[in-house]
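Trainee: My file is query_8.txt. It has compact mmCIF, N, CA and C atoms:
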# COMPACT_ATOMS: atom_id res chain seq x y z
N MET A 20 23.81 -6.20 16.15
CA MET A 20 22.72 -6.15 15.20
C MET A 20 23.26 -5.61 13.88
N THR A 21 22.85 -6.22 12.80
CA THR A 21 23.32 -5.81 11.49
C THR A 21 22.45 -4.68 10.94
N VAL A 22 22.92 -4.09 9.86
CA VAL A 22 22.16 -3.03 9.20
C VAL A 22 20.83 -3.58 8.69
N THR A 23 20.84 -4.79 8.18
CA THR A 23 19.60 -5.41 7.71
C THR A 23 18.62 -5.59 8.86
N GLY A 24 19.10 -5.99 10.01
CA GLY A 24 18.24 -6.15 11.18
C GLY A 24 17.61 -4.84 11.60
N ILE A 25 18.37 -3.77 11.54
CA ILE A 25 17.85 -2.45 11.90
C ILE A 25 16.79 -2.00 10.91
N VAL A 26 17.04 -2.20 9.63
CA VAL A 26 16.07 -1.81 8.60
C VAL A 26 14.78 -2.62 8.75
N VAL A 27 14.91 -3.91 8.99
CA VAL A 27 13.73 -4.75 9.19
C VAL A 27 12.96 -4.31 10.43
N ALA A 28 13.67 -3.97 11.51
CA ALA A 28 13.01 -3.51 12.73
C ALA A 28 12.25 -2.21 12.47
N LEU A 29 12.81 -1.31 11.68
CA LEU A 29 12.12 -0.06 11.36
C LEU A 29 10.88 -0.30 10.50
N ILE A 30 10.98 -1.20 9.55
CA ILE A 30 9.82 -1.50 8.69
C ILE A 30 8.72 -2.16 9.51
N VAL A 31 9.08 -3.13 10.33
CA VAL A 31 8.10 -3.80 11.19
C VAL A 31 7.48 -2.79 12.15
N GLY A 32 8.31 -1.91 12.72
CA GLY A 32 7.80 -0.88 13.63
C GLY A 32 6.82 0.05 12.96
N LEU A 33 7.09 0.42 11.73
CA LEU A 33 6.17 1.29 10.99
C LEU A 33 4.85 0.58 10.73
N ILE A 34 4.90 -0.68 10.37
CA ILE A 34 3.68 -1.44 10.10
C ILE A 34 2.88 -1.63 11.39
N ILE A 35 3.55 -2.01 12.47
CA ILE A 35 2.86 -2.20 13.75
C ILE A 35 2.28 -0.88 14.24
N GLY A 36 3.02 0.20 14.11
CA GLY A 36 2.52 1.52 14.51
C GLY A 36 1.30 1.94 13.69
N ALA A 37 1.34 1.66 12.39
CA ALA A 37 0.20 1.99 11.53
C ALA A 37 -1.02 1.16 11.90
N LEU A 38 -0.82 -0.11 12.20
CA LEU A 38 -1.94 -0.96 12.63
C LEU A 38 -2.50 -0.47 13.96
N GLY A 39 -1.62 -0.02 14.85
CA GLY A 39 -2.07 0.54 16.12
C GLY A 39 -2.90 1.79 15.92
N ARG A 40 -2.52 2.62 14.95
CA ARG A 40 -3.31 3.82 14.65
C ARG A 40 -4.66 3.47 14.06
N LEU A 41 -4.72 2.39 13.29
CA LEU A 41 -6.00 1.97 12.71
C LEU A 41 -6.96 1.46 13.78
N VAL A 42 -6.43 0.86 14.83
CA VAL A 42 -7.27 0.30 15.89
C VAL A 42 -7.87 1.40 16.76
N VAL A 43 -7.12 2.47 16.99
CA VAL A 43 -7.59 3.56 17.85
C VAL A 43 -8.61 4.41 17.07
N PRO A 44 -9.80 4.59 17.63
CA PRO A 44 -10.82 5.38 16.92
C PRO A 44 -10.47 6.87 16.89
N GLY A 45 -10.97 7.55 15.89
CA GLY A 45 -10.75 8.99 15.76
C GLY A 45 -9.45 9.31 15.04
N LYS A 46 -9.20 10.61 14.93
CA LYS A 46 -8.00 11.08 14.24
C LYS A 46 -6.88 11.28 15.24
N GLN A 47 -5.72 10.74 14.93
CA GLN A 47 -4.56 10.92 15.77
C GLN A 47 -3.61 11.89 15.06
N ASN A 48 -3.40 13.00 15.69
CA ASN A 48 -2.56 14.03 15.08
C ASN A 48 -1.12 13.88 15.58
N ILE A 49 -0.49 12.77 15.18
CA ILE A 49 0.90 12.53 15.55
C ILE A 49 1.72 12.30 14.28
N PRO A 50 2.98 12.72 14.30
CA PRO A 50 3.81 12.58 13.10
C PRO A 50 4.20 11.13 12.81
N LEU A 51 4.63 10.91 11.58
CA LEU A 51 5.01 9.57 11.13
C LEU A 51 6.17 9.01 11.94
N TRP A 52 7.15 9.83 12.25
CA TRP A 52 8.30 9.34 13.00
C TRP A 52 7.90 8.86 14.39
N LEU A 53 6.90 9.51 15.00
CA LEU A 53 6.44 9.09 16.32
C LEU A 53 5.66 7.78 16.22
N THR A 54 4.92 7.61 15.14
CA THR A 54 4.24 6.33 14.88
C THR A 54 5.27 5.22 14.76
N LEU A 55 6.37 5.49 14.09
CA LEU A 55 7.45 4.52 13.93
C LEU A 55 8.05 4.14 15.28
N VAL A 56 8.33 5.13 16.12
CA VAL A 56 8.91 4.86 17.44
C VAL A 56 7.95 4.03 18.29
N ILE A 57 6.68 4.42 18.29
CA ILE A 57 5.67 3.66 19.04
C ILE A 57 5.60 2.23 18.52
N GLY A 58 5.64 2.06 17.21
CA GLY A 58 5.58 0.73 16.61
C GLY A 58 6.76 -0.14 16.97
N VAL A 59 7.96 0.42 16.97
CA VAL A 59 9.16 -0.35 17.32
C VAL A 59 9.09 -0.78 18.78
N VAL A 60 8.72 0.15 19.67
CA VAL A 60 8.62 -0.19 21.09
C VAL A 60 7.52 -1.23 21.31
N ALA A 61 6.38 -1.05 20.64
CA ALA A 61 5.28 -2.01 20.78
C ALA A 61 5.66 -3.38 20.25
N ALA A 62 6.42 -3.43 19.16
CA ALA A 62 6.86 -4.72 18.62
C ALA A 62 7.78 -5.43 19.61
N LEU A 63 8.68 -4.69 20.22
CA LEU A 63 9.57 -5.30 21.21
C LEU A 63 8.80 -5.79 22.43
N LEU A 64 7.89 -4.97 22.95
CA LEU A 64 7.09 -5.36 24.11
C LEU A 64 6.17 -6.55 23.80
N GLY A 65 5.55 -6.52 22.63
CA GLY A 65 4.66 -7.62 22.23
C GLY A 65 5.39 -8.93 22.08
N THR A 66 6.59 -8.88 21.51
CA THR A 66 7.40 -10.08 21.36
C THR A 66 7.83 -10.61 22.73
N ALA A 67 8.24 -9.71 23.62
CA ALA A 67 8.66 -10.13 24.96
C ALA A 67 7.49 -10.77 25.71
N LEU A 68 6.30 -10.19 25.60
CA LEU A 68 5.13 -10.75 26.29
C LEU A 68 4.75 -12.11 25.70
N ALA A 69 4.80 -12.23 24.37
CA ALA A 69 4.47 -13.51 23.74
C ALA A 69 5.48 -14.58 24.15
N ARG A 70 6.75 -14.22 24.23
CA ARG A 70 7.76 -15.19 24.67
C ARG A 70 7.56 -15.57 26.12
N ALA A 71 7.17 -14.61 26.95
CA ALA A 71 6.94 -14.90 28.37
C ALA A 71 5.81 -15.91 28.56
N PHE A 72 4.81 -15.86 27.69
CA PHE A 72 3.69 -16.80 27.75
C PHE A 72 3.94 -18.06 26.92
N GLY A 73 5.08 -18.12 26.24
CA GLY A 73 5.41 -19.29 25.42
C GLY A 73 4.64 -19.34 24.11
N LEU A 74 4.23 -18.19 23.60
CA LEU A 74 3.42 -18.15 22.38
C LEU A 74 4.20 -17.68 21.16
N ALA A 75 5.46 -17.34 21.31
CA ALA A 75 6.22 -16.75 20.21
C ALA A 75 6.87 -17.78 19.29
N GLU A 76 7.05 -18.99 19.76
CA GLU A 76 7.74 -20.01 18.97
C GLU A 76 6.76 -21.11 18.57
N THR A 77 5.96 -20.84 17.56
CA THR A 77 5.01 -21.83 17.07
C THR A 77 5.44 -22.30 15.69
N SER A 78 4.80 -23.33 15.18
CA SER A 78 5.18 -23.87 13.88
C SER A 78 4.63 -23.01 12.73
N GLY A 79 3.61 -22.22 12.98
CA GLY A 79 3.03 -21.37 11.94
C GLY A 79 3.27 -19.90 12.25
N PHE A 80 2.35 -19.08 11.79
CA PHE A 80 2.43 -17.64 12.03
C PHE A 80 2.07 -17.36 13.49
N ASP A 81 2.78 -16.47 14.12
CA ASP A 81 2.56 -16.15 15.53
C ASP A 81 1.48 -15.08 15.68
N TRP A 82 0.23 -15.50 15.62
CA TRP A 82 -0.90 -14.57 15.70
C TRP A 82 -0.96 -13.87 17.04
N TRP A 83 -0.70 -14.58 18.12
CA TRP A 83 -0.76 -13.97 19.45
C TRP A 83 0.30 -12.89 19.60
N GLU A 84 1.46 -13.13 19.04
CA GLU A 84 2.52 -12.12 19.09
C GLU A 84 2.08 -10.86 18.36
N LEU A 85 1.50 -11.02 17.19
CA LEU A 85 1.00 -9.87 16.42
C LEU A 85 -0.10 -9.13 17.18
N ILE A 86 -1.00 -9.87 17.81
CA ILE A 86 -2.08 -9.24 18.57
C ILE A 86 -1.51 -8.44 19.74
N PHE A 87 -0.53 -8.99 20.44
CA PHE A 87 0.10 -8.26 21.54
C PHE A 87 0.79 -7.00 21.03
N GLN A 88 1.49 -7.11 19.91
CA GLN A 88 2.20 -5.96 19.35
C GLN A 88 1.24 -4.85 18.96
N VAL A 89 0.18 -5.19 18.27
CA VAL A 89 -0.80 -4.19 17.83
C VAL A 89 -1.51 -3.58 19.04
N ALA A 90 -1.79 -4.39 20.05
CA ALA A 90 -2.43 -3.87 21.27
C ALA A 90 -1.52 -2.85 21.96
N PHE A 91 -0.24 -3.17 22.08
CA PHE A 91 0.69 -2.21 22.69
C PHE A 91 0.81 -0.95 21.83
N ALA A 92 0.81 -1.10 20.51
CA ALA A 92 0.88 0.07 19.63
C ALA A 92 -0.37 0.93 19.78
N ALA A 93 -1.54 0.30 19.87
CA ALA A 93 -2.79 1.06 20.03
C ALA A 93 -2.78 1.81 21.36
N ILE A 94 -2.31 1.17 22.42
CA ILE A 94 -2.22 1.84 23.72
C ILE A 94 -1.26 3.03 23.64
N GLY A 95 -0.11 2.81 23.01
CA GLY A 95 0.86 3.89 22.86
C GLY A 95 0.33 5.05 22.03
N VAL A 96 -0.33 4.75 20.93
CA VAL A 96 -0.90 5.80 20.08
C VAL A 96 -1.98 6.56 20.84
N ALA A 97 -2.83 5.85 21.56
CA ALA A 97 -3.90 6.50 22.32
C ALA A 97 -3.32 7.43 23.39
N ILE A 98 -2.27 6.98 24.07
CA ILE A 98 -1.65 7.82 25.10
C ILE A 98 -1.02 9.06 24.49
N VAL A 99 -0.25 8.88 23.43
CA VAL A 99 0.43 10.01 22.80
C VAL A 99 -0.57 10.97 22.17
N ALA A 100 -1.59 10.45 21.50
CA ALA A 100 -2.60 11.32 20.89
C ALA A 100 -3.41 12.03 21.96
N GLY A 101 -3.67 11.36 23.08
CA GLY A 101 -4.41 11.98 24.17
C GLY A 101 -3.63 13.11 24.82
N VAL A 102 -2.34 12.93 25.00
CA VAL A 102 -1.50 13.98 25.57
C VAL A 102 -1.44 15.17 24.62
N GLY A 103 -1.29 14.90 23.33
CA GLY A 103 -1.24 15.99 22.35
C GLY A 103 -2.58 16.68 22.20
N GLY A 104 -3.69 15.93 22.34
CA GLY A 104 -5.01 16.51 22.20
C GLY A 104 -5.35 17.45 23.34
N ARG A 105 -4.85 17.17 24.53
CA ARG A 105 -5.11 18.05 25.67
C ARG A 105 -4.42 19.39 25.51
N ARG A 106 -3.29 19.38 24.87
CA ARG A 106 -2.57 20.64 24.65
C ARG A 106 -3.18 21.43 23.51
N GLY A 107 -3.96 20.74 22.67
CA GLY A 107 -4.57 21.43 21.54
C GLY A 107 -3.65 21.58 20.34
N ARG A 108 -2.56 20.83 20.33
CA ARG A 108 -1.64 20.89 19.19
C ARG A 108 -0.99 19.53 19.00
N SER A 109 -0.20 19.43 17.97
CA SER A 109 0.47 18.18 17.67
C SER A 109 1.55 17.89 18.70
N VAL A 110 1.76 16.60 18.97
CA VAL A 110 2.80 16.20 19.90
C VAL A 110 4.15 16.38 19.22
N LEU A 111 5.05 17.08 19.86
CA LEU A 111 6.40 17.32 19.39
C LEU A 111 6.34 17.89 18.04
Please re-express this file's structure in structure tokens.
Mentor:
Amino acid sequence: MTVTGIVVALIVGLIIGALGRLVVPGKQNIPLWLTLVIGVVAALLGTALARAFGLAETSGFDWWELIFQVAFAAIGVAIVAGVGGRRGRSVL
């Protein structure tokens, strides 16, 4: 993987993580770096799921891939925010 690929993956991860935070209701008290990590993992999982269903290689924009990615990010944000909320403090 090139440096450009890594930078693009980080930017996409941040965007997907931010969209995941927007989908989850309420305030999520998690740091930006954790949102980035959740977003990168969600982007990878969403892409893998879209490819498994044959939805990732279309002639236009891959809406299903984006929906899967944001859904995984929302699930990740909800889990991490829920774990941090039970402790009564920020996660990590």
Trainee: Identify which of the residues A:Ile86, A:Ala93, A:Trp52, A:Gly79 lies closest to Leu29 in chain A, counting only C-alpha atoms when measuring atom-to-atom distances.
Mentor: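 That would be A:Trp52, the residue with the smallest distance to Leu29 in chain A.
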Trainee: Figure out the distance between CA of Ala69 in chain A and CA of Glu84 in chain A, please, to one decimal in Å.
Mentor: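 CA of Ala69 in chain A lies 5.2 Å from CA of Glu84 in chain A.
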Trainee: What separation in Å, quoted to one decimal, exists between atom N of Gly65 in chain A and atom C of Gly101 in chain A?
Mentor: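 Interatomic distance, atom N of Gly65 in chain A to atom C of Gly101 in chain A: 21.8 Å.
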Trainee: Just give me the gap between atom N of Thr77 in chain A and atom N of Gly39 in chain A in Å, one decimal is fine.
Mentor: 22.3 Å
Trainee: Skipping near chain neighbours, those fewer than 5 positions away, what residues fall within 10 Å of Leu51 in chain A using only C-alpha atoms, listed as a PyMOL selection string?
Mentor: chain A and resi 33+36-37+56-57
Trainee: Please identify all polymer residues within 12 Å of Leu55 in chain A, counting only C-alpha atoms, omitting same-chain residues fewer than 4 positions from it, and present them as a list of chain:residue names.
Mentor: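 With the cut-off at 12 Å, the set is A:Val26, A:Ala28, A:Leu29, A:Ile30, A:Val31, A:Gly32, A:Leu33, A:Ile34, A:Ile35, A:Gly36, A:Ala37, A:Leu38, A:Gly39, A:Arg40, A:Ile49, A:Pro50, A:Leu51, A:Val59, A:Val60, A:Ala61, A:Ala62, A:Ala92, A:Gly95, A:Val96.
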Trainee: What parts of range 38-87 of chain A does DSSP call alpha helix (DSSP H)? I'd like the answer as a PyMOL selection string.
Mentor: chain A and resi 38-42+51-71+82-87
Trainee: Write the residues of the selection above to a file with N, CA and C atoms, as a short mmCIF file (atom, residue, chain, number, x, y, z; two decimals), in the coordinates of the input.
Mentor:
data_model
loop_
_atom_site.label_atom_id
_atom_site.label_comp_id
_atom_site.auth_asym_id
_atom_site.auth_seq_id
_atom_site.Cartn_x
_atom_site.Cartn_y
_atom_site.Cartn_z
N LEU A 38 -0.82 -0.11 12.20
CA LEU A 38 -1.94 -0.96 12.63
C LEU A 38 -2.50 -0.47 13.96
N GLY A 39 -1.62 -0.02 14.85
CA GLY A 39 -2.07 0.54 16.12
C GLY A 39 -2.90 1.79 15.92
N ARG A 40 -2.52 2.62 14.95
CA ARG A 40 -3.31 3.82 14.65
C ARG A 40 -4.66 3.47 14.06
N LEU A 41 -4.72 2.39 13.29
CA LEU A 41 -6.00 1.97 12.71
C LEU A 41 -6.96 1.46 13.78
N VAL A 42 -6.43 0.86 14.83
CA VAL A 42 -7.27 0.30 15.89
C VAL A 42 -7.87 1.40 16.76
N LEU A 51 4.63 10.91 11.58
CA LEU A 51 5.01 9.57 11.13
C LEU A 51 6.17 9.01 11.94
N TRP A 52 7.15 9.83 12.25
CA TRP A 52 8.30 9.34 13.00
C TRP A 52 7.90 8.86 14.39
N LEU A 53 6.90 9.51 15.00
CA LEU A 53 6.44 9.09 16.32
C LEU A 53 5.66 7.78 16.22
N THR A 54 4.92 7.61 15.14
CA THR A 54 4.24 6.33 14.88
C THR A 54 5.27 5.22 14.76
N LEU A 55 6.37 5.49 14.09
CA LEU A 55 7.45 4.52 13.93
C LEU A 55 8.05 4.14 15.28
N VAL A 56 8.33 5.13 16.12
CA VAL A 56 8.91 4.86 17.44
C VAL A 56 7.95 4.03 18.29
N ILE A 57 6.68 4.42 18.29
CA ILE A 57 5.67 3.66 19.04
C ILE A 57 5.60 2.23 18.52
N GLY A 58 5.64 2.06 17.21
CA GLY A 58 5.58 0.73 16.61
C GLY A 58 6.76 -0.14 16.97
N VAL A 59 7.96 0.42 16.97
CA VAL A 59 9.16 -0.35 17.32
C VAL A 59 9.09 -0.78 18.78
N VAL A 60 8.72 0.15 19.67
CA VAL A 60 8.62 -0.19 21.09
C VAL A 60 7.52 -1.23 21.31
N ALA A 61 6.38 -1.05 20.64
CA ALA A 61 5.28 -2.01 20.78
C ALA A 61 5.66 -3.38 20.25
N ALA A 62 6.42 -3.43 19.16
CA ALA A 62 6.86 -4.72 18.62
C ALA A 62 7.78 -5.43 19.61
N LEU A 63 8.68 -4.69 20.22
CA LEU A 63 9.57 -5.30 21.21
C LEU A 63 8.80 -5.79 22.43
N LEU A 64 7.89 -4.97 22.95
CA LEU A 64 7.09 -5.36 24.11
C LEU A 64 6.17 -6.55 23.80
N GLY A 65 5.55 -6.52 22.63
CA GLY A 65 4.66 -7.62 22.23
C GLY A 65 5.39 -8.93 22.08
N THR A 66 6.59 -8.88 21.51
CA THR A 66 7.40 -10.08 21.36
C THR A 66 7.83 -10.61 22.73
N ALA A 67 8.24 -9.71 23.62
CA ALA A 67 8.66 -10.13 24.96
C ALA A 67 7.49 -10.77 25.71
N LEU A 68 6.30 -10.19 25.60
CA LEU A 68 5.13 -10.75 26.29
C LEU A 68 4.75 -12.11 25.70
N ALA A 69 4.80 -12.23 24.37
CA ALA A 69 4.47 -13.51 23.74
C ALA A 69 5.48 -14.58 24.15
N ARG A 70 6.75 -14.22 24.23
CA ARG A 70 7.76 -15.19 24.67
C ARG A 70 7.56 -15.57 26.12
N ALA A 71 7.17 -14.61 26.95
CA ALA A 71 6.94 -14.90 28.37
C ALA A 71 5.81 -15.91 28.56
N TRP A 82 0.23 -15.50 15.62
CA TRP A 82 -0.90 -14.57 15.70
C TRP A 82 -0.96 -13.87 17.04
N TRP A 83 -0.70 -14.58 18.12
CA TRP A 83 -0.76 -13.97 19.45
C TRP A 83 0.30 -12.89 19.60
N GLU A 84 1.46 -13.13 19.04
CA GLU A 84 2.52 -12.12 19.09
C GLU A 84 2.08 -10.86 18.36
N LEU A 85 1.50 -11.02 17.19
CA LEU A 85 1.00 -9.87 16.42
C LEU A 85 -0.10 -9.13 17.18
N ILE A 86 -1.00 -9.87 17.81
CA ILE A 86 -2.08 -9.24 18.57
C ILE A 86 -1.51 -8.44 19.74
N PHE A 87 -0.53 -8.99 20.44
CA PHE A 87 0.10 -8.26 21.54
C PHE A 87 0.79 -7.00 21.03
#
Trainee: With distances taken over only N, CA and C atoms, which of A:Gln88, A:Val22, A:Leu41, A:Ile94 is nearest to Leu63 in chain A?
Mentor: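 Closest residue, counting only N, CA and C atoms: A:Gln88.
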